[in-house]
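As stored in input_7.cif (mmCIF, C-alpha atoms):
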data_run
#
loop_
_atom_site.label_atom_id
_atom_site.label_comp_id
_atom_site.auth_asym_id
_atom_site.auth_seq_id
_atom_site.Cartn_x
_atom_site.Cartn_y
_atom_site.Cartn_z
CA MET A 1 2.48 -39.64 -9.46
CA THR A 2 2.81 -43.10 -10.94
CA ARG A 3 4.81 -43.46 -14.09
CA SER A 4 3.92 -46.22 -16.49
CA SER A 5 6.91 -47.60 -18.33
CA TRP A 6 7.19 -48.46 -21.98
CA PRO A 7 6.63 -52.07 -23.10
CA LEU A 8 9.58 -54.44 -23.34
CA TYR A 9 10.88 -55.55 -26.73
CA GLU A 10 13.33 -58.31 -27.62
CA VAL A 11 15.96 -57.45 -30.24
CA PHE A 12 17.45 -59.71 -32.92
CA VAL A 13 20.34 -58.56 -35.09
CA ARG A 14 21.81 -60.15 -38.19
CA GLY A 15 25.51 -59.39 -38.41
CA LYS A 16 27.37 -58.71 -41.62
CA ARG A 17 28.64 -62.27 -41.80
CA GLY A 18 25.75 -63.91 -40.02
CA LEU A 19 23.21 -66.02 -41.85
CA ASN A 20 20.46 -65.55 -39.29
CA HIS A 21 19.20 -63.06 -36.74
CA VAL A 22 20.58 -63.59 -33.25
CA HIS A 23 18.99 -62.45 -30.01
CA VAL A 24 21.16 -59.66 -28.60
CA GLY A 25 19.10 -58.22 -25.76
CA SER A 26 16.01 -56.24 -24.94
CA LEU A 27 14.88 -52.63 -24.63
CA HIS A 28 11.90 -50.45 -23.83
CA ALA A 29 10.10 -48.38 -26.46
CA PRO A 30 6.75 -46.61 -26.79
CA ASP A 31 5.84 -48.45 -30.01
CA ASP A 32 7.18 -50.76 -32.73
CA GLU A 33 8.79 -48.08 -34.91
CA MET A 34 10.61 -46.47 -32.01
CA ALA A 35 11.70 -49.93 -30.82
CA LEU A 36 13.47 -50.42 -34.15
CA ARG A 37 15.21 -47.06 -33.82
CA ASN A 38 16.17 -47.68 -30.21
CA ALA A 39 17.59 -51.05 -31.25
CA ARG A 40 19.68 -49.31 -33.89
CA ASP A 41 21.03 -46.93 -31.24
CA LEU A 42 21.61 -49.52 -28.52
CA TYR A 43 22.75 -52.62 -30.39
CA THR A 44 24.40 -51.55 -33.66
CA ARG A 45 26.66 -48.74 -32.40
CA ARG A 46 29.80 -50.71 -33.19
CA ASN A 47 29.02 -51.68 -36.73
CA GLU A 48 27.48 -55.00 -35.71
CA GLY A 49 24.45 -55.32 -37.87
CA VAL A 50 22.86 -55.18 -41.29
CA SER A 51 19.32 -56.11 -40.24
CA ILE A 52 17.26 -55.77 -37.08
CA TRP A 53 14.09 -57.49 -35.88
CA VAL A 54 12.20 -56.34 -32.81
CA VAL A 55 9.26 -58.11 -31.22
CA LYS A 56 7.24 -57.31 -28.13
CA ALA A 57 8.37 -59.61 -25.35
CA ASP A 58 4.67 -60.35 -24.67
CA HIS A 59 4.41 -61.96 -28.09
CA ILE A 60 7.05 -64.59 -27.40
CA THR A 61 5.86 -67.96 -26.17
CA ALA A 62 8.71 -69.66 -24.34
CA SER A 63 9.23 -73.19 -23.12
CA SER A 64 9.06 -73.48 -19.38
CA PRO A 65 12.02 -74.57 -17.24
CA ASP A 66 9.61 -76.96 -15.46
CA GLU A 67 9.06 -78.85 -18.72
CA LYS A 68 12.76 -79.21 -19.39
CA ASP A 69 12.82 -82.98 -18.98
CA PRO A 70 9.81 -83.94 -21.10
CA PHE A 71 10.84 -81.38 -23.71
CA PHE A 72 14.52 -82.05 -24.14
CA ALA A 73 15.66 -85.19 -22.32
CA PRO A 74 14.09 -87.69 -24.79
CA SER A 75 16.44 -86.57 -27.57
CA GLY A 76 19.52 -87.09 -25.43
CA ASP A 77 19.95 -90.82 -26.18
CA LYS A 78 18.84 -90.91 -29.83
CA VAL A 79 22.31 -91.21 -31.23
CA TYR A 80 20.94 -92.21 -34.66
CA ARG A 81 19.63 -88.68 -35.10
CA HIS A 82 23.16 -87.31 -35.25
CA PRO A 83 24.99 -87.41 -38.59
CA THR A 84 28.14 -88.87 -37.07
CA PHE A 85 28.43 -92.13 -38.98
CA TYR A 86 30.38 -90.89 -41.97
CA SER A 87 33.70 -89.11 -42.43
CA ILE A 88 33.84 -85.43 -43.33
CA PRO A 89 36.24 -84.26 -46.06
CA GLU A 90 38.99 -81.92 -44.81
CA ASP A 91 37.92 -78.95 -46.95
CA VAL A 92 34.32 -78.68 -45.77
CA PRO A 93 34.10 -75.88 -43.19
CA HIS A 94 31.39 -74.74 -40.80
CA LEU A 95 29.60 -78.07 -40.30
CA MET B 1 36.93 -69.47 -54.21
CA ASP B 2 38.27 -72.12 -51.83
CA ASN B 3 35.66 -71.58 -49.17
CA ALA B 4 32.06 -70.66 -49.90
CA TYR B 5 31.80 -68.83 -46.58
CA ASP B 6 34.56 -66.35 -47.46
CA GLY B 7 32.01 -64.48 -49.53
CA LEU B 8 30.21 -63.45 -46.36
CA THR B 9 33.16 -61.57 -44.89
CA ASP B 10 34.91 -58.42 -45.93
CA ALA B 11 38.43 -58.84 -47.24
CA GLY B 12 41.08 -58.03 -44.67
CA GLU B 13 38.65 -58.04 -41.76
CA GLU B 14 39.86 -59.27 -38.39
CA ARG B 15 38.07 -62.59 -38.23
CA HIS B 16 38.25 -63.21 -34.51
CA TRP B 17 35.63 -60.56 -33.73
CA ALA B 18 32.14 -61.99 -33.70
CA PHE B 19 30.64 -59.22 -35.80
CA GLY B 20 33.75 -58.05 -37.63
CA THR B 21 35.27 -54.64 -37.41
CA GLY B 22 35.33 -53.06 -40.85
CA PHE B 23 36.09 -49.56 -39.59
CA THR B 24 37.75 -47.01 -41.81
CA ALA B 25 39.15 -43.58 -41.00
CA ALA B 26 36.50 -40.94 -41.70
CA LEU B 27 38.33 -39.15 -44.51
CA ALA B 28 40.71 -41.88 -45.67
CA GLY B 29 42.05 -41.18 -49.14
CA VAL B 30 40.58 -37.67 -49.43
CA ASP B 31 42.70 -35.08 -51.22
CA ARG B 32 43.63 -32.40 -48.65
CA ALA B 33 44.89 -29.85 -51.18
CA ILE B 34 43.56 -26.38 -50.40
CA PRO B 35 41.55 -24.83 -53.25
CA ASP B 36 42.64 -21.51 -54.72
CA VAL B 37 40.31 -19.26 -52.73
CA ASP B 38 40.54 -16.66 -49.95
CA ARG B 39 42.21 -18.75 -47.26
CA ALA B 40 41.07 -16.62 -44.34
CA ALA B 41 37.48 -16.94 -45.54
CA LEU B 42 37.79 -20.70 -46.01
CA ALA B 43 39.27 -21.14 -42.52
CA ALA B 44 36.46 -19.01 -41.06
CA TYR B 45 33.86 -21.03 -42.95
CA CYS B 46 35.25 -24.32 -41.60
CA LEU B 47 35.09 -22.78 -38.11
CA MET B 48 31.44 -21.79 -38.61
CA LEU B 49 30.32 -25.28 -39.56
CA GLY B 50 32.64 -26.88 -36.99
CA ASP B 51 31.47 -24.61 -34.16
CA ASP B 52 27.81 -25.33 -34.96
CA ALA B 53 28.53 -29.04 -34.51
CA LEU B 54 30.81 -28.65 -31.48
CA VAL B 55 28.54 -26.35 -29.47
CA TYR B 56 25.38 -28.27 -30.30
CA SER B 57 27.13 -31.53 -29.41
CA GLN B 58 28.03 -30.05 -26.02
CA ARG B 59 24.38 -29.10 -25.44
CA LEU B 60 23.09 -32.55 -26.40
CA ALA B 61 25.66 -34.23 -24.16
CA GLU B 62 24.05 -32.51 -21.18
CA TRP B 63 21.26 -35.09 -21.49
CA CYS B 64 23.63 -37.95 -20.63
CA SER B 65 22.08 -39.80 -17.67
CA ARG B 66 19.15 -37.33 -17.59
CA ALA B 67 16.94 -38.33 -20.54
CA PRO B 68 13.39 -39.57 -19.87
CA GLU B 69 14.36 -43.18 -20.67
CA LEU B 70 17.65 -45.03 -20.93
CA GLU B 71 17.08 -45.76 -24.62
CA GLU B 72 16.60 -42.06 -25.40
CA ASP B 73 19.66 -41.22 -23.34
CA VAL B 74 21.76 -43.35 -25.67
CA ALA B 75 20.02 -41.99 -28.77
CA LEU B 76 20.79 -38.37 -27.87
CA ALA B 77 24.36 -39.26 -26.93
CA ASN B 78 24.82 -41.01 -30.30
CA ILE B 79 23.63 -37.89 -32.09
CA ALA B 80 25.97 -35.74 -29.99
CA LEU B 81 28.88 -38.02 -30.88
CA ASP B 82 28.06 -37.86 -34.60
CA LEU B 83 28.21 -34.07 -34.36
CA LEU B 84 31.40 -34.13 -32.33
CA GLY B 85 32.96 -36.25 -35.07
CA GLN B 86 31.95 -33.66 -37.68
CA ALA B 87 33.31 -30.88 -35.47
CA ARG B 88 36.70 -32.58 -35.16
CA LEU B 89 37.09 -32.91 -38.93
CA LEU B 90 35.96 -29.33 -39.56
CA LEU B 91 38.12 -27.73 -36.85
CA THR B 92 41.10 -29.74 -38.04
CA ARG B 93 40.48 -28.43 -41.55
CA ALA B 94 40.11 -24.87 -40.23
CA GLY B 95 43.49 -25.14 -38.52
CA GLU B 96 45.07 -26.66 -41.60
CA VAL B 97 43.80 -23.91 -43.90
CA GLU B 98 44.67 -21.17 -41.41
CA ALA B 99 48.22 -22.61 -41.14
CA ALA B 100 48.95 -20.91 -37.83
CA GLY B 101 49.65 -24.10 -35.88
CA ARG B 102 46.26 -24.45 -34.21
CA ASP B 103 44.87 -27.99 -34.07
CA GLU B 104 41.32 -29.13 -33.26
CA ASP B 105 41.93 -29.10 -29.50
CA THR B 106 43.43 -25.62 -29.50
CA LEU B 107 40.47 -24.33 -31.48
CA ALA B 108 37.90 -26.08 -29.31
CA TYR B 109 39.37 -25.35 -25.90
CA LEU B 110 41.44 -22.21 -26.14
CA ARG B 111 39.26 -19.77 -28.03
CA ASP B 112 37.14 -17.18 -26.24
CA GLU B 113 33.46 -16.56 -26.77
CA ARG B 114 33.86 -13.81 -29.38
CA GLU B 115 35.94 -16.16 -31.57
CA PHE B 116 33.21 -18.80 -31.81
CA ARG B 117 31.24 -18.65 -35.07
CA ASN B 118 28.27 -20.92 -34.32
CA VAL B 119 24.68 -19.83 -34.92
CA ARG B 120 22.97 -18.90 -31.66
CA LEU B 121 20.33 -21.64 -31.87
CA THR B 122 23.06 -24.20 -31.12
CA GLU B 123 24.07 -22.56 -27.84
CA ILE B 124 20.82 -21.66 -26.05
CA ASP B 125 19.66 -23.92 -23.21
CA CYS B 126 16.81 -26.11 -24.46
CA GLY B 127 16.91 -28.50 -21.49
CA PRO B 128 17.73 -30.41 -19.40
CA GLY B 129 18.57 -27.02 -17.86
CA PRO B 130 15.86 -24.49 -16.91
CA GLY B 131 15.70 -23.18 -20.50
CA GLY B 132 13.64 -26.10 -21.74
CA ASP B 133 12.67 -29.76 -21.51
CA PHE B 134 12.63 -32.85 -23.70
CA GLY B 135 10.03 -31.25 -25.99
CA THR B 136 12.22 -28.17 -26.46
CA THR B 137 15.22 -30.38 -27.13
CA ILE B 138 13.29 -32.27 -29.82
CA ALA B 139 12.08 -28.97 -31.33
CA ARG B 140 15.68 -27.77 -31.68
CA LEU B 141 16.80 -31.15 -33.03
CA LEU B 142 14.13 -30.97 -35.73
CA VAL B 143 15.06 -27.42 -36.76
CA LEU B 144 18.83 -27.83 -36.66
CA SER B 145 19.00 -31.28 -38.26
CA THR B 146 16.60 -30.26 -41.06
CA TRP B 147 18.69 -27.16 -41.74
CA ARG B 148 22.08 -28.85 -41.47
CA LEU B 149 21.01 -31.80 -43.62
CA ALA B 150 19.98 -29.38 -46.37
CA LEU B 151 23.28 -27.52 -45.94
CA LEU B 152 25.50 -30.61 -46.03
CA GLY B 153 23.50 -31.96 -48.97
CA GLN B 154 24.61 -28.97 -51.03
CA LEU B 155 28.10 -28.98 -49.54
CA THR B 156 28.80 -32.43 -51.03
CA ALA B 157 29.42 -30.51 -54.29
CA SER B 158 31.92 -28.10 -52.67
CA ALA B 159 35.14 -27.30 -54.53
CA ASP B 160 37.01 -28.03 -51.29
CA PRO B 161 37.47 -31.81 -51.34
CA VAL B 162 37.64 -32.02 -47.53
CA LEU B 163 34.40 -30.09 -47.02
CA ALA B 164 32.74 -32.25 -49.68
CA ALA B 165 33.92 -35.42 -47.91
CA VAL B 166 32.80 -34.21 -44.46
CA ALA B 167 29.42 -33.38 -45.97
CA ALA B 168 29.10 -36.80 -47.64
CA LYS B 169 29.76 -38.47 -44.29
CA GLY B 170 27.46 -36.06 -42.48
CA VAL B 171 24.35 -36.39 -44.62
CA LYS B 172 23.91 -40.02 -43.58
CA GLU B 173 24.19 -39.02 -39.93
CA LEU B 174 21.93 -35.99 -40.23
CA ALA B 175 19.27 -37.98 -42.08
CA TYR B 176 18.99 -40.16 -38.99
CA HIS B 177 18.98 -37.18 -36.60
CA ARG B 178 16.16 -35.57 -38.55
CA ASP B 179 14.19 -38.79 -38.62
CA HIS B 180 14.64 -39.22 -34.86
CA ALA B 181 13.37 -35.69 -34.25
CA ALA B 182 10.41 -36.07 -36.62
CA GLN B 183 9.38 -39.37 -34.99
CA TRP B 184 9.32 -37.67 -31.60
CA VAL B 185 7.50 -34.57 -32.84
CA LEU B 186 4.72 -36.83 -34.12
CA ARG B 187 4.50 -38.70 -30.83
CA LEU B 188 4.69 -35.68 -28.54
CA ALA B 189 2.23 -33.63 -30.61
CA GLY B 190 -0.15 -36.59 -30.89
CA GLY B 191 0.32 -37.89 -27.35
CA THR B 192 -1.32 -36.39 -24.29
CA ASP B 193 -2.50 -32.81 -23.74
CA VAL B 194 0.63 -32.21 -21.67
CA SER B 195 3.05 -33.60 -24.27
CA ARG B 196 1.37 -31.60 -27.03
CA ALA B 197 1.51 -28.38 -25.00
CA ARG B 198 5.19 -28.95 -24.28
CA MET B 199 5.96 -29.67 -27.94
CA ILE B 200 4.29 -26.40 -28.96
CA ALA B 201 6.07 -24.48 -26.19
CA GLY B 202 9.38 -26.01 -27.32
CA LEU B 203 8.85 -24.89 -30.91
CA GLU B 204 8.02 -21.39 -29.69
CA ARG B 205 11.26 -21.36 -27.70
CA VAL B 206 13.51 -22.24 -30.65
CA TRP B 207 11.66 -20.55 -33.52
CA PRO B 208 12.93 -16.99 -32.82
CA PHE B 209 16.42 -18.20 -33.80
CA THR B 210 15.48 -19.63 -37.21
CA ASP B 211 15.94 -16.52 -39.39
CA GLU B 212 19.60 -16.41 -38.40
CA LEU B 213 20.08 -19.84 -40.01
CA PHE B 214 19.25 -18.47 -43.46
CA THR B 215 21.16 -15.19 -43.31
CA THR B 216 24.08 -15.05 -45.73
CA HIS B 217 27.35 -14.03 -44.06
CA PRO B 218 30.14 -12.17 -45.95
CA VAL B 219 32.39 -15.20 -45.44
CA GLU B 220 29.90 -17.41 -47.26
CA ALA B 221 29.46 -14.83 -50.00
CA ALA B 222 33.24 -14.71 -50.48
CA LEU B 223 33.47 -18.43 -51.26
CA PRO B 224 31.33 -19.19 -54.33
CA GLY B 225 31.55 -22.85 -55.29
CA VAL B 226 33.08 -23.73 -51.92
CA ALA B 227 30.56 -22.52 -49.35
CA VAL B 228 26.80 -22.98 -49.37
CA ASP B 229 24.69 -19.82 -49.36
CA PRO B 230 22.27 -20.52 -46.48
CA ALA B 231 19.58 -18.36 -48.07
CA THR B 232 19.17 -21.13 -50.65
CA LEU B 233 18.29 -23.69 -47.94
CA ARG B 234 14.99 -22.12 -47.00
CA ALA B 235 12.82 -23.88 -49.58
CA GLU B 236 13.93 -27.38 -48.57
CA PHE B 237 13.68 -26.48 -44.89
CA ASP B 238 10.15 -25.12 -45.30
CA GLN B 239 9.03 -28.14 -47.26
CA VAL B 240 10.31 -30.63 -44.66
CA ILE B 241 8.94 -28.64 -41.72
CA ASP B 242 5.55 -28.29 -43.41
CA THR B 243 5.43 -32.03 -43.98
CA VAL B 244 6.24 -32.83 -40.34
CA PHE B 245 3.90 -30.15 -38.99
CA GLY B 246 1.14 -31.33 -41.31
CA ALA B 247 1.45 -34.91 -40.06
CA ALA B 248 1.63 -33.73 -36.43
CA ASP B 249 -1.23 -31.20 -36.86
CA LEU B 250 0.99 -28.34 -35.71
CA ASP B 251 1.10 -24.72 -36.85
CA ARG B 252 4.23 -22.70 -37.36
CA PRO B 253 4.91 -20.68 -34.22
CA GLU B 254 3.97 -17.02 -34.57
CA VAL B 255 6.79 -15.46 -32.61
CA ARG B 256 9.15 -12.57 -33.20
CA GLN B 257 12.65 -13.35 -34.40
CA VAL B 258 15.60 -12.51 -32.16
CA ALA B 259 17.33 -9.74 -34.08
CA PRO B 260 21.10 -9.49 -34.54
CA LEU B 261 22.91 -7.12 -32.17
CA ALA B 262 23.99 -4.04 -34.15
CA GLY B 263 23.87 -6.20 -37.27
CA GLN B 264 25.94 -8.98 -35.72
CA ALA B 265 24.98 -12.47 -34.60
CA GLY B 266 26.54 -15.88 -33.89
CA ARG B 267 28.47 -16.03 -37.16
CA ASP B 268 30.21 -12.76 -36.13
CA GLY B 269 31.04 -14.01 -32.64
CA VAL B 270 28.15 -12.18 -30.96
CA HIS B 271 26.37 -14.70 -28.77
CA THR B 272 23.62 -15.01 -26.18
CA GLU B 273 24.32 -14.92 -22.45
CA ALA B 274 24.21 -18.74 -22.42
CA MET B 275 27.42 -19.06 -24.43
CA GLY B 276 29.87 -18.03 -21.71
CA PHE B 277 28.50 -20.60 -19.27
CA LEU B 278 28.58 -23.30 -21.94
CA LEU B 279 32.21 -22.57 -22.79
CA ALA B 280 33.19 -22.42 -19.11
CA GLU B 281 31.92 -25.95 -18.64
CA MET B 282 33.34 -27.25 -21.93
CA GLN B 283 36.77 -25.65 -21.60
CA HIS B 284 37.63 -25.52 -17.93
CA ILE B 285 39.45 -28.86 -17.64
CA ALA B 286 41.55 -28.15 -20.72
CA ARG B 287 42.41 -24.67 -19.47
CA SER B 288 43.13 -25.59 -15.84
CA THR B 289 45.45 -28.47 -16.80
CA PRO B 290 47.10 -27.30 -20.03
CA GLY B 291 48.39 -30.04 -22.28
CA ALA B 292 46.96 -32.85 -20.15
CA VAL B 293 46.37 -36.15 -21.93
CA TRP B 294 45.15 -39.58 -20.94
#
Give the structure from the file, written as structure tokens.
Amino acid sequence: MTRSSWPLYEVFVRGKRGLNHVHVGSLHAPDDEMALRNARDLYTRRNEGVSIWVVKADHITASSPDEKDPFFAPSGDKVYRHPTFYSIPEDVPHL
Amino acid sequence: MDNAYDGLTDAGEERHWAFGTGFTAALAGVDRAIPDVDRAALAAYCLMLGDDALVYSQRLAEWCSRAPELEEDVALANIALDLLGQARLLLTRAGEVEAAGRDEDTLAYLRDEREFRNVRLTEIDCGPGPGGDFGTTIARLLVLSTWRLALLGQLTASADPVLAAVAAKGVKELAYHRDHAAQWVLRLAGGTDVSRARMIAGLERVWPFTDELFTTHPVEAALPGVAVDPATLRAEFDQVIDTVFGAADLDRPEVRQVAPLAGQAGRDGVHTEAMGFLLAEMQHIARSTPGAVW
């Protein structure tokens, strides 16, 4: 007997002190609602999160490793895009 | 405020952990004074509620590594651990009220079958053993979590401050357990012919033990204002079950109730044949190596 497995979901959790959702891993679930509950059980057991997003892995369009150079290399030498030409006051954190 | 980002963290939190810690002891700051009631009855009542959680936790833990999917394995284990946490607090309270020097471990591991006060639905095999399957397990989870959520909801108003605090912690846990069960009942009943047949068979397996849940015991009757009279839980239970069954297009099982034995049931220490085997597995390490710690 063949056994079809549940679809793969990617899980994003926003921590208590986090400003944005961070990818924490993946899981299998029969549907969207159960994916959210499975994410709660698998990825927030240690008090990590206040908000969860789940999305079917199929729905993510990812950049390809083959396109790494045309995608990312051109920004490597554009030093003028970096805000490094002024001094930062001592009391400004998290820049 | 010196730093705008301080507002995002909890005061006193250990900041080197990526997600923070923020844990607190379950009953921190709760008044442990014992109310002016029949102490033997109060100790017995704490045992009843504690044994329900302990024995059912043991049953759920049997699914570890054996659930249909890894994700469900963790979900059932989480539920078992929630219940084990409730059991620890309740058995500790039972020992404290009894004042005979028995702690939670002594009560869990060194009592014999006739001293356990759990309802029989918690102890029967509903899978992964031969007594059931995942559908049966979900059927029991729906029945027991619906009943216990209603019970703990009322217990938050108990005159015993410890019972009230355990209940306040427990209702949040039980609300999730009930939701998890209801989600699965909908999916199994509305899935394939096989999953629906198994869901119905599971409900028929557990339903004969439901009347016992609503039978008032003399211990409960002796503690007005402290204990919850389980007979009063039936209306909420029926309403929730009807809602879930309505959405899942299921009928209430028409099966005969398992009667008490000479008027006695789980709350009196009279159990099914499954209980001895369950206790043997749960207690044998503690009994064969007394006082062992790690």
For this session: Could you state which residues are captured by the PyMOL selection byres ((chain A) within 10 of (chain B)) in this file, as an NGL selection string?
Result: :A and (5-6 or 14-19 or 27-31 or 33-35 or 37-42 or 45-49 or 91-94)
For this session: Enumerate, as an MDAnalysis selection string, the residues matched when the PyMOL selection byres ((chain B and resi 129-139) around 8) is run on the file above.
Result: chainID B and resid 67:68 124:128 140:143 181 184:185 188 195 198:199 201:203 205:206
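Interatomic distance, atom CA of Gln283 of chain B to atom CA of Arg148 of chain B: 24.9 Å.
Neighbouring residues of segment 107-122 of chain B at 6 Å or closer, counting all atoms listed in the file and skipping chain neighbours under 6 positions away, are Met48, Asp51, Asp52, Tyr56, Phe209, Gly266, Arg267, Gly269 and Gln283 of chain B.
Between Asp36 of chain B and the candidates B:Val226, B:Ala182, B:Leu89, B:Leu149, the tightest atom-to-atom separation, counting all atoms listed in the file, involves B:Val226.
Between atom CA of Ala222 of chain B and atom CA of Arg234 of chain B the separation is 20.0 Å.
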Exercise. Is there a way to get, as a ChimeraX atom specification, all residues within 10 Å of the point (7.1, -25.2, -38.7) in file coordinates, counting all atoms listed in the file?
Worked result: /B:139,142-143,203-204,207,237-246,250-254
How would you write as a PDB file with C-alpha atoms, in the coordinates of the input the residues that get within 10 Å of (18.2, -17.3, -47.6) in the file's frame, counting all atoms listed in the file?
ATOM      1  CA  ASP B 211      15.940 -16.520 -39.390  1.00  0.00           C
ATOM      2  CA  GLU B 212      19.600 -16.410 -38.400  1.00  0.00           C
ATOM      3  CA  LEU B 213      20.080 -19.840 -40.010  1.00  0.00           C
ATOM      4  CA  PHE B 214      19.250 -18.470 -43.460  1.00  0.00           C
ATOM      5  CA  THR B 215      21.160 -15.190 -43.310  1.00  0.00           C
ATOM      6  CA  THR B 216      24.080 -15.050 -45.730  1.00  0.00           C
ATOM      7  CA  ASP B 229      24.690 -19.820 -49.360  1.00  0.00           C
ATOM      8  CA  PRO B 230      22.270 -20.520 -46.480  1.00  0.00           C
ATOM      9  CA  ALA B 231      19.580 -18.360 -48.070  1.00  0.00           C
ATOM     10  CA  THR B 232      19.170 -21.130 -50.650  1.00  0.00           C
ATOM     11  CA  LEU B 233      18.290 -23.690 -47.940  1.00  0.00           C
ATOM     12  CA  ARG B 234      14.990 -22.120 -47.000  1.00  0.00           C
ATOM     13  CA  ALA B 235      12.820 -23.880 -49.580  1.00  0.00           C
TER      14      ALA B 235
END
